[in-house]
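Okay, structure first, notes after.
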Amino acid sequence: MASEYTITRRVEFSETDLAGIMHFTNYYRWMEICEHEFLRSVGLSVDMEDENGRFGWPRVKATCRFKRPLRFEEEVEIRLIVTEMRDRSITYAFQFWKTENGERVKAAVGEAVAACVSFDQASGSMAPIMIPEVFTSKVQQKS
């Protein structure tokens with residue numbers, strides 16, 4: 001499975017600490033933004049409804065390894081790669097690329113695993129479900 005998607009963002013002042021380096025929490029925000037844009041690009045969302053009701057994708061795991069700092073005003077390419085789709089979960093790998101001294105370098109790598117769950121509106125509970133075919137077909141079509 002090799003579905004891929006790329007976005008470009010610029011580090012905003014509000015995303016940095018006092019040293020002008022992007023705060024670590026924003027890497028996770030950017031991974032989620034990239035995921036949402038990927039899903040929208042194939043006509044999907046993280047909050048959907050089908051004939052069985054509402055379903056979505058809460059995170060069950062998220063990691064990020066920081067290799068080089070991202071600084072205020074730097075332009076960053078975030079690359080999403082669907083690395084695995086199981087019966088009830090999907091795994092995304094993320095790569096953060098920037099230009100440093102005229103060379104393209106990897107600034108960070110991340111991973112997020114999301115479980116497919118149904119939402120019970122009345123109780124507010126979630127239950128794991130098989131990934132609906134409408135989702136898998138659109139993600140695999142992107143390959």
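Residues in the structure tokens are named by chain (A, B, ... in the order shown) and by number from 1 within that chain; ligands are numbered from 1 in the order shown.
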Subject >> Non-local contacts of A:Asp120 (12 Å; only C-alpha atoms; under 6 positions in same chain excluded) as a PyMOL selection string >> reply: chain A and resi 49+52-56+126-128
Dump as a PDB file, in the first residue's frame, selection limited to N, CA, C and O atoms:
ATOM      1  N   GLU A  49     -20.355   9.412   7.980  1.00  0.00           N
ATOM      2  CA  GLU A  49     -21.579   8.682   8.254  1.00  0.00           C
ATOM      3  C   GLU A  49     -21.893   7.799   7.053  1.00  0.00           C
ATOM      4  O   GLU A  49     -21.713   8.217   5.911  1.00  0.00           O
ATOM      5  N   ASN A  52     -24.764   2.602   8.352  1.00  0.00           N
ATOM      6  CA  ASN A  52     -24.703   2.043   9.710  1.00  0.00           C
ATOM      7  C   ASN A  52     -24.553   3.112  10.787  1.00  0.00           C
ATOM      8  O   ASN A  52     -24.480   2.796  11.965  1.00  0.00           O
ATOM      9  N   GLY A  53     -24.435   4.373  10.392  1.00  0.00           N
ATOM     10  CA  GLY A  53     -24.310   5.450  11.365  1.00  0.00           C
ATOM     11  C   GLY A  53     -22.985   6.185  11.258  1.00  0.00           C
ATOM     12  O   GLY A  53     -22.242   6.046  10.284  1.00  0.00           O
ATOM     13  N   ARG A  54     -22.703   6.955  12.285  1.00  0.00           N
ATOM     14  CA  ARG A  54     -21.517   7.809  12.309  1.00  0.00           C
ATOM     15  C   ARG A  54     -20.293   6.999  12.728  1.00  0.00           C
ATOM     16  O   ARG A  54     -20.360   6.192  13.651  1.00  0.00           O
ATOM     17  N   PHE A  55     -19.164   7.247  12.039  1.00  0.00           N
ATOM     18  CA  PHE A  55     -17.915   6.600  12.420  1.00  0.00           C
ATOM     19  C   PHE A  55     -16.760   7.581  12.274  1.00  0.00           C
ATOM     20  O   PHE A  55     -16.858   8.585  11.567  1.00  0.00           O
ATOM     21  N   GLY A  56     -15.671   7.293  12.975  1.00  0.00           N
ATOM     22  CA  GLY A  56     -14.521   8.191  12.947  1.00  0.00           C
ATOM     23  C   GLY A  56     -13.240   7.483  13.319  1.00  0.00           C
ATOM     24  O   GLY A  56     -13.192   6.249  13.407  1.00  0.00           O
ATOM     25  N   MET A 126     -17.883   4.824  22.100  1.00  0.00           N
ATOM     26  CA  MET A 126     -17.297   4.411  20.829  1.00  0.00           C
ATOM     27  C   MET A 126     -17.082   2.904  20.871  1.00  0.00           C
ATOM     28  O   MET A 126     -16.791   2.355  21.931  1.00  0.00           O
ATOM     29  N   ALA A 127     -17.179   2.281  19.684  1.00  0.00           N
ATOM     30  CA  ALA A 127     -16.918   0.846  19.582  1.00  0.00           C
ATOM     31  C   ALA A 127     -16.138   0.587  18.302  1.00  0.00           C
ATOM     32  O   ALA A 127     -16.467   1.154  17.252  1.00  0.00           O
ATOM     33  N   PRO A 128     -15.080  -0.251  18.374  1.00  0.00           N
ATOM     34  CA  PRO A 128     -14.310  -0.538  17.156  1.00  0.00           C
ATOM     35  C   PRO A 128     -15.182  -1.243  16.116  1.00  0.00           C
ATOM     36  O   PRO A 128     -16.013  -2.081  16.462  1.00  0.00           O
TER      37      PRO A 128
END
Original post:
Tell me, which residues of stretch 17-102 of chain A carry DSSP strand (DSSP E or B), written as a ChimeraX atom specification?
Top reply: /A:21-22,47-50,53-56,59-66,71,75-85,89-100
Subject >> Counting only C-alpha atoms, the residue of A:Phe13, A:Phe119, A:Phe38, A:Trp30 that sits nearest A:Glu74 >> reply: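 Of all the options, A:Phe13 lies closest to A:Glu74.
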Subject >> Distance criterion (only C-alpha atoms): nearest to A:Ser137 out of A:Glu77, A:Met85, A:Ser14, A:Pro69 >> reply: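 Answer, going by the shortest atom-to-atom distance: A:Met85.
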Subject >> Per-residue DSSP, stretch 7-95 of chain A, filtered to alpha helix (DSSP H), as an MDAnalysis selection string >> reply: chainID A and resid 25:41
Residues from the last selection, N, CA, C and O atoms, saved as a PDB file, in the first residue's frame:
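Dumped everything to part_11.pdb:
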ATOM      1  N   THR A  25       4.560  20.269  20.116  1.00  0.00           N
ATOM      2  CA  THR A  25       3.149  19.915  19.956  1.00  0.00           C
ATOM      3  C   THR A  25       2.630  20.223  18.555  1.00  0.00           C
ATOM      4  O   THR A  25       1.696  19.573  18.077  1.00  0.00           O
ATOM      5  N   ASN A  26       3.243  21.177  17.897  1.00  0.00           N
ATOM      6  CA  ASN A  26       2.775  21.553  16.565  1.00  0.00           C
ATOM      7  C   ASN A  26       3.096  20.511  15.498  1.00  0.00           C
ATOM      8  O   ASN A  26       2.422  20.459  14.464  1.00  0.00           O
ATOM      9  N   TYR A  27       4.092  19.677  15.721  1.00  0.00           N
ATOM     10  CA  TYR A  27       4.359  18.582  14.788  1.00  0.00           C
ATOM     11  C   TYR A  27       3.128  17.671  14.724  1.00  0.00           C
ATOM     12  O   TYR A  27       2.724  17.232  13.652  1.00  0.00           O
ATOM     13  N   TYR A  28       2.546  17.392  15.886  1.00  0.00           N
ATOM     14  CA  TYR A  28       1.356  16.546  15.934  1.00  0.00           C
ATOM     15  C   TYR A  28       0.159  17.243  15.264  1.00  0.00           C
ATOM     16  O   TYR A  28      -0.609  16.590  14.553  1.00  0.00           O
ATOM     17  N   ARG A  29       0.017  18.527  15.479  1.00  0.00           N
ATOM     18  CA  ARG A  29      -1.046  19.283  14.805  1.00  0.00           C
ATOM     19  C   ARG A  29      -0.870  19.214  13.294  1.00  0.00           C
ATOM     20  O   ARG A  29      -1.824  18.999  12.552  1.00  0.00           O
ATOM     21  N   TRP A  30       0.361  19.395  12.824  1.00  0.00           N
ATOM     22  CA  TRP A  30       0.623  19.367  11.385  1.00  0.00           C
ATOM     23  C   TRP A  30       0.394  17.976  10.800  1.00  0.00           C
ATOM     24  O   TRP A  30      -0.088  17.839   9.678  1.00  0.00           O
ATOM     25  N   MET A  31       0.708  16.917  11.548  1.00  0.00           N
ATOM     26  CA  MET A  31       0.427  15.564  11.071  1.00  0.00           C
ATOM     27  C   MET A  31      -1.080  15.392  10.896  1.00  0.00           C
ATOM     28  O   MET A  31      -1.530  14.847   9.889  1.00  0.00           O
ATOM     29  N   GLU A  32      -1.847  15.880  11.856  1.00  0.00           N
ATOM     30  CA  GLU A  32      -3.301  15.763  11.763  1.00  0.00           C
ATOM     31  C   GLU A  32      -3.862  16.612  10.621  1.00  0.00           C
ATOM     32  O   GLU A  32      -4.742  16.169   9.883  1.00  0.00           O
ATOM     33  N   ILE A  33      -3.329  17.797  10.430  1.00  0.00           N
ATOM     34  CA  ILE A  33      -3.754  18.645   9.310  1.00  0.00           C
ATOM     35  C   ILE A  33      -3.470  17.946   7.987  1.00  0.00           C
ATOM     36  O   ILE A  33      -4.317  17.928   7.082  1.00  0.00           O
ATOM     37  N   CYS A  34      -2.302  17.351   7.861  1.00  0.00           N
ATOM     38  CA  CYS A  34      -1.934  16.636   6.636  1.00  0.00           C
ATOM     39  C   CYS A  34      -2.878  15.452   6.411  1.00  0.00           C
ATOM     40  O   CYS A  34      -3.333  15.213   5.285  1.00  0.00           O
ATOM     41  N   GLU A  35      -3.186  14.724   7.462  1.00  0.00           N
ATOM     42  CA  GLU A  35      -4.121  13.597   7.351  1.00  0.00           C
ATOM     43  C   GLU A  35      -5.492  14.075   6.877  1.00  0.00           C
ATOM     44  O   GLU A  35      -6.081  13.492   5.967  1.00  0.00           O
ATOM     45  N   HIS A  36      -5.996  15.150   7.478  1.00  0.00           N
ATOM     46  CA  HIS A  36      -7.315  15.668   7.087  1.00  0.00           C
ATOM     47  C   HIS A  36      -7.321  16.105   5.633  1.00  0.00           C
ATOM     48  O   HIS A  36      -8.267  15.818   4.890  1.00  0.00           O
ATOM     49  N   GLU A  37      -6.275  16.791   5.203  1.00  0.00           N
ATOM     50  CA  GLU A  37      -6.202  17.235   3.811  1.00  0.00           C
ATOM     51  C   GLU A  37      -6.105  16.041   2.863  1.00  0.00           C
ATOM     52  O   GLU A  37      -6.709  16.053   1.789  1.00  0.00           O
ATOM     53  N   PHE A  38      -5.354  15.018   3.248  1.00  0.00           N
ATOM     54  CA  PHE A  38      -5.279  13.791   2.442  1.00  0.00           C
ATOM     55  C   PHE A  38      -6.667  13.184   2.277  1.00  0.00           C
ATOM     56  O   PHE A  38      -7.093  12.870   1.157  1.00  0.00           O
ATOM     57  N   LEU A  39      -7.374  13.010   3.392  1.00  0.00           N
ATOM     58  CA  LEU A  39      -8.700  12.398   3.321  1.00  0.00           C
ATOM     59  C   LEU A  39      -9.659  13.242   2.486  1.00  0.00           C
ATOM     60  O   LEU A  39     -10.409  12.701   1.665  1.00  0.00           O
ATOM     61  N   ARG A  40      -9.631  14.560   2.668  1.00  0.00           N
ATOM     62  CA  ARG A  40     -10.489  15.430   1.848  1.00  0.00           C
ATOM     63  C   ARG A  40     -10.154  15.289   0.365  1.00  0.00           C
ATOM     64  O   ARG A  40     -11.038  15.356  -0.489  1.00  0.00           O
ATOM     65  N   SER A  41      -8.867  15.087   0.046  1.00  0.00           N
ATOM     66  CA  SER A  41      -8.449  14.987  -1.358  1.00  0.00           C
ATOM     67  C   SER A  41      -9.055  13.768  -2.059  1.00  0.00           C
ATOM     68  O   SER A  41      -9.129  13.740  -3.287  1.00  0.00           O
TER      69      SER A  41
END
Original post:
Which distance in Å separates atom CA of A:Met48 and atom CA of A:Ser123, to one decimal?
Top reply: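 We find that atom CA of A:Met48 and atom CA of A:Ser123 lie 18.1 Å from each other.
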Original post:
Quick one: residues within 6 Å of A:Ile90, only C-alpha atoms counted, chain neighbours fewer than 4 positions away excluded, as a PyMOL selection string?
Top reply: chain A and resi 84-85+113-114
Selection above as a file: all heavy atoms, as a PDB file, in the first residue's frame:
ATOM      1  N   GLU A  84      -0.018   1.082   6.438  1.00  0.00           N
ATOM      2  CA  GLU A  84      -0.754  -0.142   6.727  1.00  0.00           C
ATOM      3  C   GLU A  84      -2.227   0.171   6.929  1.00  0.00           C
ATOM      4  O   GLU A  84      -2.581   1.169   7.548  1.00  0.00           O
ATOM      5  CB  GLU A  84      -0.186  -0.806   7.994  1.00  0.00           C
ATOM      6  CG  GLU A  84      -0.815  -2.136   8.331  1.00  0.00           C
ATOM      7  CD  GLU A  84      -0.154  -2.814   9.524  1.00  0.00           C
ATOM      8  OE1 GLU A  84       0.287  -2.112  10.460  1.00  0.00           O
ATOM      9  OE2 GLU A  84      -0.083  -4.048   9.506  1.00  0.00           O
ATOM     10  N   MET A  85      -3.073  -0.681   6.375  1.00  0.00           N
ATOM     11  CA  MET A  85      -4.500  -0.594   6.649  1.00  0.00           C
ATOM     12  C   MET A  85      -4.951  -1.992   7.055  1.00  0.00           C
ATOM     13  O   MET A  85      -4.909  -2.923   6.259  1.00  0.00           O
ATOM     14  CB  MET A  85      -5.284  -0.094   5.441  1.00  0.00           C
ATOM     15  CG  MET A  85      -6.646   0.366   5.842  1.00  0.00           C
ATOM     16  SD  MET A  85      -7.596   1.408   4.691  1.00  0.00           S
ATOM     17  CE  MET A  85      -6.751   1.365   3.170  1.00  0.00           C
ATOM     18  N   VAL A 113      -1.426   6.042  14.409  1.00  0.00           N
ATOM     19  CA  VAL A 113      -2.324   4.924  14.171  1.00  0.00           C
ATOM     20  C   VAL A 113      -3.698   5.351  14.652  1.00  0.00           C
ATOM     21  O   VAL A 113      -3.854   5.829  15.783  1.00  0.00           O
ATOM     22  CB  VAL A 113      -1.866   3.652  14.927  1.00  0.00           C
ATOM     23  CG1 VAL A 113      -2.822   2.496  14.669  1.00  0.00           C
ATOM     24  CG2 VAL A 113      -0.438   3.283  14.560  1.00  0.00           C
ATOM     25  N   ALA A 114      -4.690   5.194  13.763  1.00  0.00           N
ATOM     26  CA  ALA A 114      -6.062   5.566  14.097  1.00  0.00           C
ATOM     27  C   ALA A 114      -6.947   4.334  13.982  1.00  0.00           C
ATOM     28  O   ALA A 114      -6.826   3.556  13.036  1.00  0.00           O
ATOM     29  CB  ALA A 114      -6.561   6.660  13.160  1.00  0.00           C
TER      30      ALA A 114
END
**OP:** Give me the residues within 8 Å of stretch 129-133 of chain A as a ChimeraX atom specification, counting only C-alpha atoms and dropping any in the same chain fewer than 2 places off.
**Re:** /A:87-89,116-118,127,135-137
Go ahead and dump the residues you just picked, C-alpha atoms, as a PDB file, in the first residue's frame.
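Contents of the output file out-v1.pdb:
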ATOM      1  CA  ASP A  87      -9.424  -4.464   9.369  1.00  0.00           C
ATOM      2  CA  ARG A  88     -10.023  -1.837  12.056  1.00  0.00           C
ATOM      3  CA  SER A  89      -7.103   0.608  11.895  1.00  0.00           C
ATOM      4  CA  CYS A 116     -12.050   2.967  13.091  1.00  0.00           C
ATOM      5  CA  VAL A 117     -14.932   3.315  15.566  1.00  0.00           C
ATOM      6  CA  SER A 118     -18.660   3.861  15.533  1.00  0.00           C
ATOM      7  CA  ALA A 127     -16.918   0.846  19.582  1.00  0.00           C
ATOM      8  CA  PHE A 135     -13.134   4.297   2.958  1.00  0.00           C
ATOM      9  CA  THR A 136     -10.753   1.524   1.899  1.00  0.00           C
ATOM     10  CA  SER A 137     -11.655   1.808  -1.774  1.00  0.00           C
TER      11      SER A 137
END
Subject >> Closest of A:Val42, A:Met22, A:Val60, A:Leu70 to A:Ala112 - atom-to-atom distances counting only C-alpha atoms >> reply: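 For A:Ala112, the nearest of the given residues is A:Val60.
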Original post:
Contacts of stretch 106-110 of chain A at 9 Å or less, counting only C-alpha atoms, minus same-chain residues fewer than 5 places along, as a ChimeraX atom specification?
Top reply: /A:27-28,31,62-70,76,92-99
Residues from last step as file, N, CA and C atoms, as an mmCIF file, in the first residue's frame:
data_model
loop_
_atom_site.group_PDB
_atom_site.id
_atom_site.type_symbol
_atom_site.label_atom_id
_atom_site.label_comp_id
_atom_site.auth_asym_id
_atom_site.auth_seq_id
_atom_site.Cartn_x
_atom_site.Cartn_y
_atom_site.Cartn_z
ATOM 1 N N TYR A 27 4.092 19.677 15.721
ATOM 2 C CA TYR A 27 4.359 18.582 14.788
ATOM 3 C C TYR A 27 3.128 17.671 14.724
ATOM 4 N N TYR A 28 2.546 17.392 15.886
ATOM 5 C CA TYR A 28 1.356 16.546 15.934
ATOM 6 C C TYR A 28 0.159 17.243 15.264
ATOM 7 N N MET A 31 0.708 16.917 11.548
ATOM 8 C CA MET A 31 0.427 15.564 11.071
ATOM 9 C C MET A 31 -1.080 15.392 10.896
ATOM 10 N N ALA A 62 0.572 7.769 18.655
ATOM 11 C CA ALA A 62 1.189 8.860 17.884
ATOM 12 C C ALA A 62 2.600 9.072 18.419
ATOM 13 N N THR A 63 3.559 9.102 17.488
ATOM 14 C CA THR A 63 4.943 9.330 17.871
ATOM 15 C C THR A 63 5.568 10.324 16.900
ATOM 16 N N CYS A 64 6.625 10.968 17.356
ATOM 17 C CA CYS A 64 7.381 11.857 16.489
ATOM 18 C C CYS A 64 8.822 11.905 16.992
ATOM 19 N N ARG A 65 9.735 11.756 16.059
ATOM 20 C CA ARG A 65 11.163 11.869 16.385
ATOM 21 C C ARG A 65 11.691 13.124 15.708
ATOM 22 N N PHE A 66 12.284 13.995 16.494
ATOM 23 C CA PHE A 66 12.753 15.287 16.019
ATOM 24 C C PHE A 66 14.230 15.191 15.678
ATOM 25 N N LYS A 67 14.581 15.495 14.437
ATOM 26 C CA LYS A 67 15.955 15.366 13.973
ATOM 27 C C LYS A 67 16.648 16.726 13.858
ATOM 28 N N ARG A 68 15.911 17.738 13.389
ATOM 29 C CA ARG A 68 16.448 19.094 13.247
ATOM 30 C C ARG A 68 15.344 20.077 13.614
ATOM 31 N N PRO A 69 15.686 21.184 14.227
ATOM 32 C CA PRO A 69 14.640 22.135 14.605
ATOM 33 C C PRO A 69 14.004 22.801 13.385
ATOM 34 N N LEU A 70 12.722 23.083 13.516
ATOM 35 C CA LEU A 70 12.027 23.910 12.533
ATOM 36 C C LEU A 70 11.909 25.297 13.149
ATOM 37 N N VAL A 76 8.139 24.149 5.220
ATOM 38 C CA VAL A 76 8.280 22.731 5.549
ATOM 39 C C VAL A 76 7.330 21.915 4.683
ATOM 40 N N TYR A 92 -0.364 5.792 9.491
ATOM 41 C CA TYR A 92 0.247 6.809 8.642
ATOM 42 C C TYR A 92 1.671 7.068 9.118
ATOM 43 N N ALA A 93 2.602 7.174 8.176
ATOM 44 C CA ALA A 93 3.951 7.660 8.474
ATOM 45 C C ALA A 93 4.022 9.092 7.967
ATOM 46 N N PHE A 94 4.778 9.915 8.657
ATOM 47 C CA PHE A 94 4.947 11.317 8.272
ATOM 48 C C PHE A 94 6.425 11.656 8.204
ATOM 49 N N GLN A 95 6.779 12.445 7.208
ATOM 50 C CA GLN A 95 8.141 12.954 7.076
ATOM 51 C C GLN A 95 8.060 14.468 6.950
ATOM 52 N N PHE A 96 8.905 15.159 7.699
ATOM 53 C CA PHE A 96 8.988 16.622 7.660
ATOM 54 C C PHE A 96 10.296 16.996 6.973
ATOM 55 N N TRP A 97 10.216 17.698 5.853
ATOM 56 C CA TRP A 97 11.392 18.081 5.075
ATOM 57 C C TRP A 97 11.531 19.595 5.034
ATOM 58 N N LYS A 98 12.774 20.061 5.089
ATOM 59 C CA LYS A 98 13.056 21.487 4.946
ATOM 60 C C LYS A 98 14.372 21.643 4.195
ATOM 61 N N THR A 99 14.654 22.878 3.806
ATOM 62 C CA THR A 99 15.926 23.181 3.159
ATOM 63 C C THR A 99 16.823 23.855 4.191
#
**OP:** Have a look at A:Val139, A:Phe72, A:Glu100, A:Gly43 and name the one nearest to A:Leu18; count only C-alpha atoms.
**Re:**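 Smallest separation from A:Leu18 among the options: A:Phe72.
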